[in-house]
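Asks: Structure file protein.txt (compact mmCIF, C-alpha atoms) right here:
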# COMPACT_ATOMS: atom_id res chain seq x y z
CA MET A 1 0.00 0.00 0.00
CA LYS A 2 1.10 3.59 -0.64
CA ASN A 3 -0.11 7.14 0.07
CA TYR A 4 -1.31 6.39 3.60
CA PHE A 5 -0.97 8.35 6.85
CA ASP A 6 -0.48 6.82 10.31
CA LYS A 7 -1.33 8.45 13.63
CA LYS A 8 -0.54 6.98 17.06
CA PHE A 9 -2.77 7.29 20.14
CA GLU A 10 -2.59 6.21 23.76
CA LEU A 11 -6.04 5.72 25.27
CA GLY A 12 -6.70 7.87 28.32
CA TYR A 13 -9.01 7.52 31.31
CA PHE A 14 -11.66 9.85 29.91
CA ASP A 15 -11.73 7.89 26.65
CA MET A 16 -13.17 4.92 28.53
CA ASN A 17 -16.74 3.74 29.06
CA LYS A 18 -18.00 2.03 32.23
CA PHE A 19 -16.37 -1.24 31.13
CA GLY A 20 -12.89 0.30 31.05
CA GLU A 21 -12.66 0.19 27.27
CA ALA A 22 -12.70 2.92 24.66
CA SER A 23 -16.24 3.95 23.83
CA ALA A 24 -17.58 3.88 20.28
CA THR A 25 -17.71 7.69 20.31
CA THR A 26 -14.02 7.74 21.31
CA ILE A 27 -13.15 5.57 18.32
CA LEU A 28 -15.10 7.85 15.96
CA THR A 29 -13.41 10.88 17.51
CA LEU A 30 -9.94 9.37 16.97
CA LEU A 31 -10.78 8.44 13.39
CA GLU A 32 -11.79 12.02 12.70
CA GLU A 33 -8.75 13.40 14.54
CA THR A 34 -6.59 11.28 12.24
CA ALA A 35 -8.39 12.66 9.20
CA ALA A 36 -7.90 16.20 10.52
CA ASP A 37 -4.16 15.62 10.92
CA HIS A 38 -4.02 14.18 7.40
CA CYS A 39 -5.45 17.52 6.22
CA TYR A 40 -2.90 19.43 8.31
CA LEU A 41 -0.06 17.35 6.84
CA ILE A 42 -0.72 18.75 3.34
CA ASN A 43 -1.13 22.37 4.53
CA HIS A 44 -4.91 22.32 4.18
CA SER A 45 -5.85 22.11 7.86
CA LEU A 46 -9.52 22.30 8.79
CA TYR A 47 -8.93 25.82 10.13
CA ASP A 48 -7.18 26.86 6.91
CA LEU A 49 -10.17 25.58 4.96
CA GLU A 50 -12.63 27.23 7.33
CA ARG A 51 -11.06 30.62 6.67
CA GLN A 52 -12.07 30.02 3.04
CA ASN A 53 -15.60 28.99 4.17
CA ILE A 54 -14.84 25.39 3.17
CA GLY A 55 -15.02 22.16 5.15
CA TRP A 56 -15.26 18.39 4.91
CA VAL A 57 -18.66 16.92 5.87
CA LEU A 58 -19.24 13.21 6.52
CA ILE A 59 -22.38 11.98 4.76
CA SER A 60 -22.11 8.21 5.21
CA GLY A 61 -19.84 5.60 6.73
CA CYS A 62 -19.34 2.33 8.52
CA ILE A 63 -17.19 1.06 11.38
CA GLU A 64 -16.36 -2.53 12.33
CA MET A 65 -14.62 -3.28 15.64
CA LYS A 66 -13.13 -6.63 16.64
CA TYR A 67 -12.66 -5.26 20.14
CA TYR A 68 -12.26 -1.87 21.83
CA PRO A 69 -8.85 -0.94 23.29
CA LYS A 70 -8.50 -0.50 27.05
CA TYR A 71 -6.96 2.17 29.29
CA LYS A 72 -3.36 3.07 28.34
CA GLU A 73 -3.44 0.75 25.35
CA LYS A 74 -1.63 2.18 22.32
CA ILE A 75 -3.16 2.05 18.86
CA VAL A 76 -2.28 3.24 15.35
CA ILE A 77 -4.90 4.48 12.92
CA ARG A 78 -3.93 4.23 9.26
CA THR A 79 -5.93 6.32 6.79
CA TRP A 80 -5.90 6.94 3.06
CA LEU A 81 -8.19 8.02 0.22
CA SER A 82 -9.35 5.21 -2.05
CA ASN A 83 -11.41 7.18 -4.55
CA TYR A 84 -12.52 10.70 -5.51
CA SER A 85 -15.27 12.36 -7.47
CA THR A 86 -15.45 16.09 -8.21
CA VAL A 87 -16.84 16.95 -4.76
CA LYS A 88 -16.47 13.75 -2.71
CA GLY A 89 -13.74 11.48 -1.39
CA ILE A 90 -13.84 8.02 0.21
CA ARG A 91 -11.61 7.75 3.27
CA GLU A 92 -10.43 4.31 4.41
CA ASN A 93 -9.17 3.48 7.91
CA ILE A 94 -7.54 0.53 9.65
CA ILE A 95 -6.95 0.44 13.44
CA PHE A 96 -3.96 -1.58 14.73
CA ASN A 97 -3.08 -2.56 18.30
CA GLU A 98 0.47 -2.45 19.70
CA GLN A 99 1.18 -5.90 18.25
CA GLY A 100 0.27 -4.72 14.76
CA GLN A 101 -2.96 -6.73 14.71
CA ILE A 102 -6.06 -5.23 13.09
CA ILE A 103 -8.73 -4.49 15.71
CA GLY A 104 -10.98 -2.22 13.67
CA LYS A 105 -11.81 -0.87 10.23
CA ALA A 106 -13.79 2.10 8.97
CA LYS A 107 -14.85 3.78 5.76
CA GLY A 108 -16.38 7.22 5.22
CA LEU A 109 -17.76 9.25 2.33
CA TRP A 110 -16.81 12.91 2.77
CA VAL A 111 -18.11 15.90 0.83
CA PHE A 112 -16.11 19.08 0.22
CA PHE A 113 -18.57 21.70 1.43
CA ASP A 114 -19.15 25.43 1.15
CA ILE A 115 -20.07 26.37 4.73
CA LYS A 116 -21.83 29.64 3.85
CA ARG A 117 -23.77 28.43 0.82
CA ARG A 118 -24.43 24.99 2.41
CA ARG A 119 -23.61 23.07 -0.77
CA PRO A 120 -20.80 20.89 -2.20
CA VAL A 121 -17.90 22.47 -4.07
CA GLN A 122 -15.09 21.05 -6.20
CA ILE A 123 -12.16 19.56 -4.26
CA PHE A 124 -8.99 21.60 -4.71
CA ASP A 125 -6.54 20.09 -7.20
CA SER A 126 -3.73 20.63 -4.68
CA ILE A 127 -5.48 18.37 -2.15
CA ILE A 128 -5.86 15.51 -4.63
CA GLU A 129 -2.25 15.92 -5.79
CA LYS A 130 -0.80 15.85 -2.26
CA TRP A 131 -2.99 13.08 -0.86
CA SER A 132 -3.15 11.07 -4.07
CA PHE A 133 -4.94 7.75 -3.44
CA ASP A 134 -4.66 4.00 -3.11
CA SER A 135 -7.55 1.91 -4.44
CA GLU A 136 -7.26 -0.69 -1.63
CA GLN A 137 -10.37 -0.78 0.56
CA SER A 138 -10.46 -1.27 4.32
CA ILE A 139 -14.01 -2.67 4.18
CA ASN A 140 -15.76 -4.01 1.10
CA HIS A 141 -19.10 -2.37 1.83
CA ASP A 142 -21.38 0.01 -0.10
CA ILE A 143 -21.81 3.08 2.10
CA THR A 144 -23.94 4.87 -0.49
CA LYS A 145 -26.87 2.44 -0.27
CA LYS A 146 -30.00 3.90 1.34
CA LEU A 147 -30.87 2.50 4.78
CA ASP A 148 -34.33 1.68 6.11
CA ILE A 149 -36.13 4.13 8.39
CA THR A 150 -37.65 2.86 11.63
CA LEU A 151 -41.41 2.31 11.53
CA SER A 152 -41.89 3.08 15.21
CA THR A 153 -43.81 6.25 16.06
CA ASP A 154 -42.64 6.33 19.68
CA PRO A 155 -39.12 7.70 20.21
CA HIS A 156 -36.88 5.92 22.70
CA LYS A 157 -35.13 9.15 23.70
CA GLU A 158 -35.51 12.91 23.34
CA PHE A 159 -32.56 15.33 23.39
CA SER A 160 -31.97 19.05 23.11
CA VAL A 161 -29.19 20.36 20.88
CA ASN A 162 -26.92 22.38 23.16
CA ARG A 163 -24.00 24.69 22.40
CA PHE A 164 -21.38 21.96 22.83
CA ASP A 165 -23.20 19.69 20.37
CA VAL A 166 -22.53 22.05 17.46
CA ASP A 167 -19.24 22.10 15.52
CA THR A 168 -17.47 24.89 13.62
CA TYR A 169 -19.75 24.24 10.63
CA LEU A 170 -22.69 25.38 12.79
CA HIS A 171 -24.47 22.03 12.77
CA VAL A 172 -24.55 19.00 15.07
CA SER A 173 -21.36 16.95 14.83
CA ASN A 174 -21.65 13.35 13.64
CA ILE A 175 -20.08 12.17 16.90
CA LYS A 176 -23.13 13.49 18.75
CA TYR A 177 -25.46 11.51 16.49
CA LEU A 178 -23.60 8.33 17.45
CA GLN A 179 -24.00 9.20 21.14
CA TRP A 180 -27.75 9.75 20.72
CA LEU A 181 -28.06 6.45 18.88
CA ILE A 182 -26.25 4.50 21.60
CA GLU A 183 -28.38 6.15 24.30
CA SER A 184 -31.46 4.58 22.69
CA ILE A 185 -30.10 1.00 22.89
CA PRO A 186 -31.88 -1.15 25.54
CA GLU A 187 -29.89 -1.34 28.78
CA ASP A 188 -29.64 -5.13 28.79
CA VAL A 189 -28.11 -5.05 25.29
CA PHE A 190 -25.62 -2.32 26.16
CA ASP A 191 -24.56 -4.13 29.37
CA ASN A 192 -24.05 -7.54 27.77
CA TYR A 193 -23.03 -6.75 24.20
CA TYR A 194 -20.63 -4.41 22.44
CA LEU A 195 -21.12 -2.43 19.23
CA HIS A 196 -19.50 -4.60 16.56
CA THR A 197 -20.63 -2.77 13.41
CA ILE A 198 -22.44 0.42 12.54
CA ASP A 199 -23.52 1.59 9.09
CA GLY A 200 -24.82 5.16 9.04
CA ARG A 201 -26.14 7.90 6.75
CA PHE A 202 -26.30 11.63 7.48
CA ILE A 203 -29.25 13.06 5.58
CA SER A 204 -29.97 16.58 6.83
CA GLU A 205 -28.61 19.03 9.37
CA ALA A 206 -29.70 19.56 12.96
CA GLN A 207 -28.78 22.84 14.61
CA TYR A 208 -28.53 24.59 17.96
CA GLY A 209 -31.91 24.79 19.68
CA ASP A 210 -33.48 21.82 17.89
CA THR A 211 -35.15 19.02 19.83
CA ILE A 212 -34.01 15.59 18.66
CA LEU A 213 -35.99 12.34 18.69
CA SER A 214 -34.02 9.08 18.59
CA TYR A 215 -35.93 6.01 17.37
CA THR A 216 -34.60 2.45 17.64
CA GLU A 217 -36.22 -0.86 16.77
CA LYS A 218 -35.00 -4.44 16.44
CA ASP A 219 -33.95 -5.55 12.97
CA THR A 220 -34.78 -8.95 11.50
CA ASN A 221 -31.49 -10.41 12.83
CA ASP A 222 -30.77 -11.02 16.50
CA ASN A 223 -28.79 -8.24 18.20
CA SER A 224 -29.26 -5.96 15.19
CA PHE A 225 -31.11 -2.64 15.33
CA ILE A 226 -32.41 0.02 12.95
CA HIS A 227 -32.10 3.66 14.02
CA THR A 228 -33.61 6.94 12.90
CA ILE A 229 -32.88 10.40 14.30
CA LYS A 230 -35.32 13.23 13.58
CA THR A 231 -35.88 16.86 14.51
CA LYS A 232 -39.10 17.16 16.53
CA HIS A 233 -40.54 20.42 15.16
CA ASN A 234 -40.73 19.29 11.52
CA ASP A 235 -40.29 15.48 11.66
CA LYS A 236 -37.22 15.81 9.41
CA VAL A 237 -34.94 12.75 9.20
CA CYS A 238 -31.38 13.78 10.08
CA ALA A 239 -29.69 10.38 10.20
CA THR A 240 -30.33 6.67 9.80
CA ALA A 241 -28.21 3.70 10.86
CA ARG A 242 -28.07 -0.03 11.35
CA THR A 243 -26.06 -1.53 14.23
CA PHE A 244 -25.03 -5.06 15.13
CA TRP A 245 -23.98 -5.97 18.67
CA LYS A 246 -21.82 -8.95 19.76
CA GLU A 247 -21.89 -10.59 23.15
CA ARG A 248 -19.23 -9.49 25.61
CA LYS A 249 -16.77 -12.08 26.83
CA LYS A 250 -17.23 -12.65 30.56
If you took the structure in this file and wrote it as structure tokens, what would it be?

Replies:
Amino acid sequence: MKNYFDKKFELGYFDMNKFGEASATTILTLLEETAADHCYLINHSLYDLERQNIGWVLISGCIEMKYYPKYKEKIVIRTWLSNYSTVKGIRENIIFNEQGQIIGKAKGLWVFFDIKRRRPVQIFDSIIEKWSFDSEQSINHDITKKLDITLSTDPHKEFSVNRFDVDTYLHVSNIKYLQWLIESIPEDVFDNYYLHTIDGRFISEAQYGDTILSYTEKDTNDNSFIHTIKTKHNDKVCATARTFWKERKK
């Protein structure tokens, strides 16, 4: 493989969940921190882009975790671009433990986005030239396929969008959507299973002051769930996802 970028992390205490392992939101945060550093490496940091009213927005993706690293465990996240269109890029990720074993994989479809006009724009030639690409995929999965919407009319959880839920693009960060989704998982599932895979789509923006409804229902397979997140005032679908949970080892 060529044209990849590696970033090392040591998991801290506040990265952990109640089981003493990195939470799913921690993993997503580290994946996005790696992507941000990959931007910085080529002199197109997220802040540099923001000054030009440009940003990268995640519109779909999937994560698969073999296990979640524990406190003080060291990991390496490897990332690269596998494909581009005029306004979009597919980012691949592999997560290694200290022994060099693969413990997780992820793939995301990112749009180059005009923050003021709220629409896609053409990716700079200099970005494509400096990043280049490698066609190898971390996960062979179609992250552009539309996902089902939950049929339930009763939300499992209701949330308010607060100041700290909004990112520099003035909308709710995708990490917050993952948190809302996990909050809607039944307690007995969360206590006895871990999030093995998630496949998600970001459809429309939620903003500061919105009230969010998180719907979750069981899928046709055991330990699999379908999720929908909506804004309450207009019933607008903001995100959909499918998750699969594996039993924890005792």

Asks: What does the structure give for the distance between atom CA of Ile75 of chain A and atom CA of Leu11 of chain A, in Å to one decimal?

Replies: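 These atoms are spaced 7.9 Å apart.
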
Asks: Find the smallest box with edges along x, y and z containing every listed atom of segment 235-238 of chain A, then add 5 Å on each side and report centre and edge lengths in Å to one decimal, as AutoDock Vina command-line options.

Replies:
--center_x -35.8 --center_y 14.3 --center_z 10.4 --size_x 18.9 --size_y 13.1 --size_z 12.5

Asks: Need to verify the contact set: Asn162 of chain A, 12 Å, all atoms listed in the file, exclusion of same-chain residues closer than 6 positions in sequence. Can you return it as a PyMOL selection string?

Replies: chain A and resi 170-173+176+206-212

Asks: Quick one: pull the distance between atom CA of Ile198 of chain A and atom CA of Asp15 of chain A, Å, one decimal.

Replies: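 Between atom CA of Ile198 of chain A and atom CA of Asp15 of chain A the gap works out to 19.2 Å.
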
Asks: Which residue is closest to Cys238 of chain A? Choose from A:Leu151, A:Gly104, A:Glu50, A:Ser60 and count all atoms listed in the file.

Replies: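 With all atoms listed in the file as the atom set, the closest residue is A:Ser60.
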
Asks: List the spatial neighbours of Ser184 of chain A as a PyMOL selection string - criterion: any atom at most 10 Å away, all atoms listed in the file, same-chain residues fewer than 5 positions off excluded.

Replies: chain A and resi 155-158+179+190+213-217+227

Asks: Taking C-alpha atoms for each residue, export the selection above as a PDB file, in the frame of the given file.

Replies:
ATOM      1  CA  PRO A 155     -39.120   7.700  20.210  1.00  0.00           C
ATOM      2  CA  HIS A 156     -36.880   5.920  22.700  1.00  0.00           C
ATOM      3  CA  LYS A 157     -35.130   9.150  23.700  1.00  0.00           C
ATOM      4  CA  GLU A 158     -35.510  12.910  23.340  1.00  0.00           C
ATOM      5  CA  GLN A 179     -24.000   9.200  21.140  1.00  0.00           C
ATOM      6  CA  PHE A 190     -25.620  -2.320  26.160  1.00  0.00           C
ATOM      7  CA  LEU A 213     -35.990  12.340  18.690  1.00  0.00           C
ATOM      8  CA  SER A 214     -34.020   9.080  18.590  1.00  0.00           C
ATOM      9  CA  TYR A 215     -35.930   6.010  17.370  1.00  0.00           C
ATOM     10  CA  THR A 216     -34.600   2.450  17.640  1.00  0.00           C
ATOM     11  CA  GLU A 217     -36.220  -0.860  16.770  1.00  0.00           C
ATOM     12  CA  HIS A 227     -32.100   3.660  14.020  1.00  0.00           C
TER      13      HIS A 227
END

Asks: When distances are computed from all atoms listed in the file, which of A:Asn17, A:Ser126, A:Ser204, A:Thr240 shows the smallest separation from Lys145 of chain A?

Replies: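 Closest candidate: A:Thr240.
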
Asks: Listing only residues of segment 43-66 of chain A within 12 Å of segment 77-96 of chain A, what is the closest atom pair and its distance in Å (to one decimal) for each, using all atoms listed in the file, sorted by chain and residue number ascending, as JSON lines?

Replies:
{"residue": "A:Ile54", "atom": "CA", "partner": "A:Val87", "partner_atom": "CA", "distance": 11.8}
{"residue": "A:Gly55", "atom": "CA", "partner": "A:Val87", "partner_atom": "CA", "distance": 11.3}
{"residue": "A:Trp56", "atom": "CA", "partner": "A:Lys88", "partner_atom": "CA", "distance": 9.0}
{"residue": "A:Val57", "atom": "CA", "partner": "A:Lys88", "partner_atom": "CA", "distance": 9.4}
{"residue": "A:Leu58", "atom": "CA", "partner": "A:Lys88", "partner_atom": "CA", "distance": 9.7}
{"residue": "A:Ile59", "atom": "CA", "partner": "A:Lys88", "partner_atom": "CA", "distance": 9.7}
{"residue": "A:Ser60", "atom": "CA", "partner": "A:Ile90", "partner_atom": "CA", "distance": 9.7}
{"residue": "A:Gly61", "atom": "CA", "partner": "A:Arg91", "partner_atom": "CA", "distance": 9.2}
{"residue": "A:Cys62", "atom": "CA", "partner": "A:Glu92", "partner_atom": "CA", "distance": 10.0}
{"residue": "A:Ile63", "atom": "CA", "partner": "A:Asn93", "partner_atom": "CA", "distance": 9.1}
{"residue": "A:Glu64", "atom": "CA", "partner": "A:Ile94", "partner_atom": "CA", "distance": 9.7}
{"residue": "A:Met65", "atom": "CA", "partner": "A:Ile95", "partner_atom": "CA", "distance": 8.8}
{"residue": "A:Lys66", "atom": "CA", "partner": "A:Ile95", "partner_atom": "CA", "distance": 9.9}

Asks: Could you state the separation of atom CA of Lys8 of chain A and atom CA of Lys74 of chain A in Å, given to one decimal place?

Replies: 7.2 Å

Asks: From the list A:Ile175, A:Thr153, A:Asp199, A:Leu46, which residue is nearest Ile27 of chain A when using all atoms listed in the file?

Replies: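 Between A:Ile175, A:Thr153, A:Asp199, A:Leu46, the residue approaching Ile27 of chain A most closely is A:Ile175.
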
Asks: Which of these residues is nearest to Arg248 of chain A, using all atoms listed in the file: A:Gln99, A:Asn192, A:Asn223, A:Thr231?

Replies: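 Of A:Gln99, A:Asn192, A:Asn223, A:Thr231, the one nearest Arg248 of chain A, counting all atoms listed in the file, is A:Asn192.
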
Asks: Residues within 7 Å of segment 32-44 of chain A, please, as a VMD selection string. Count all atoms listed in the file; anything in the same chain fewer than 3 positions from it doesn't count.

Replies: chain A and resid 5 7 28 to 29 48 to 49 130
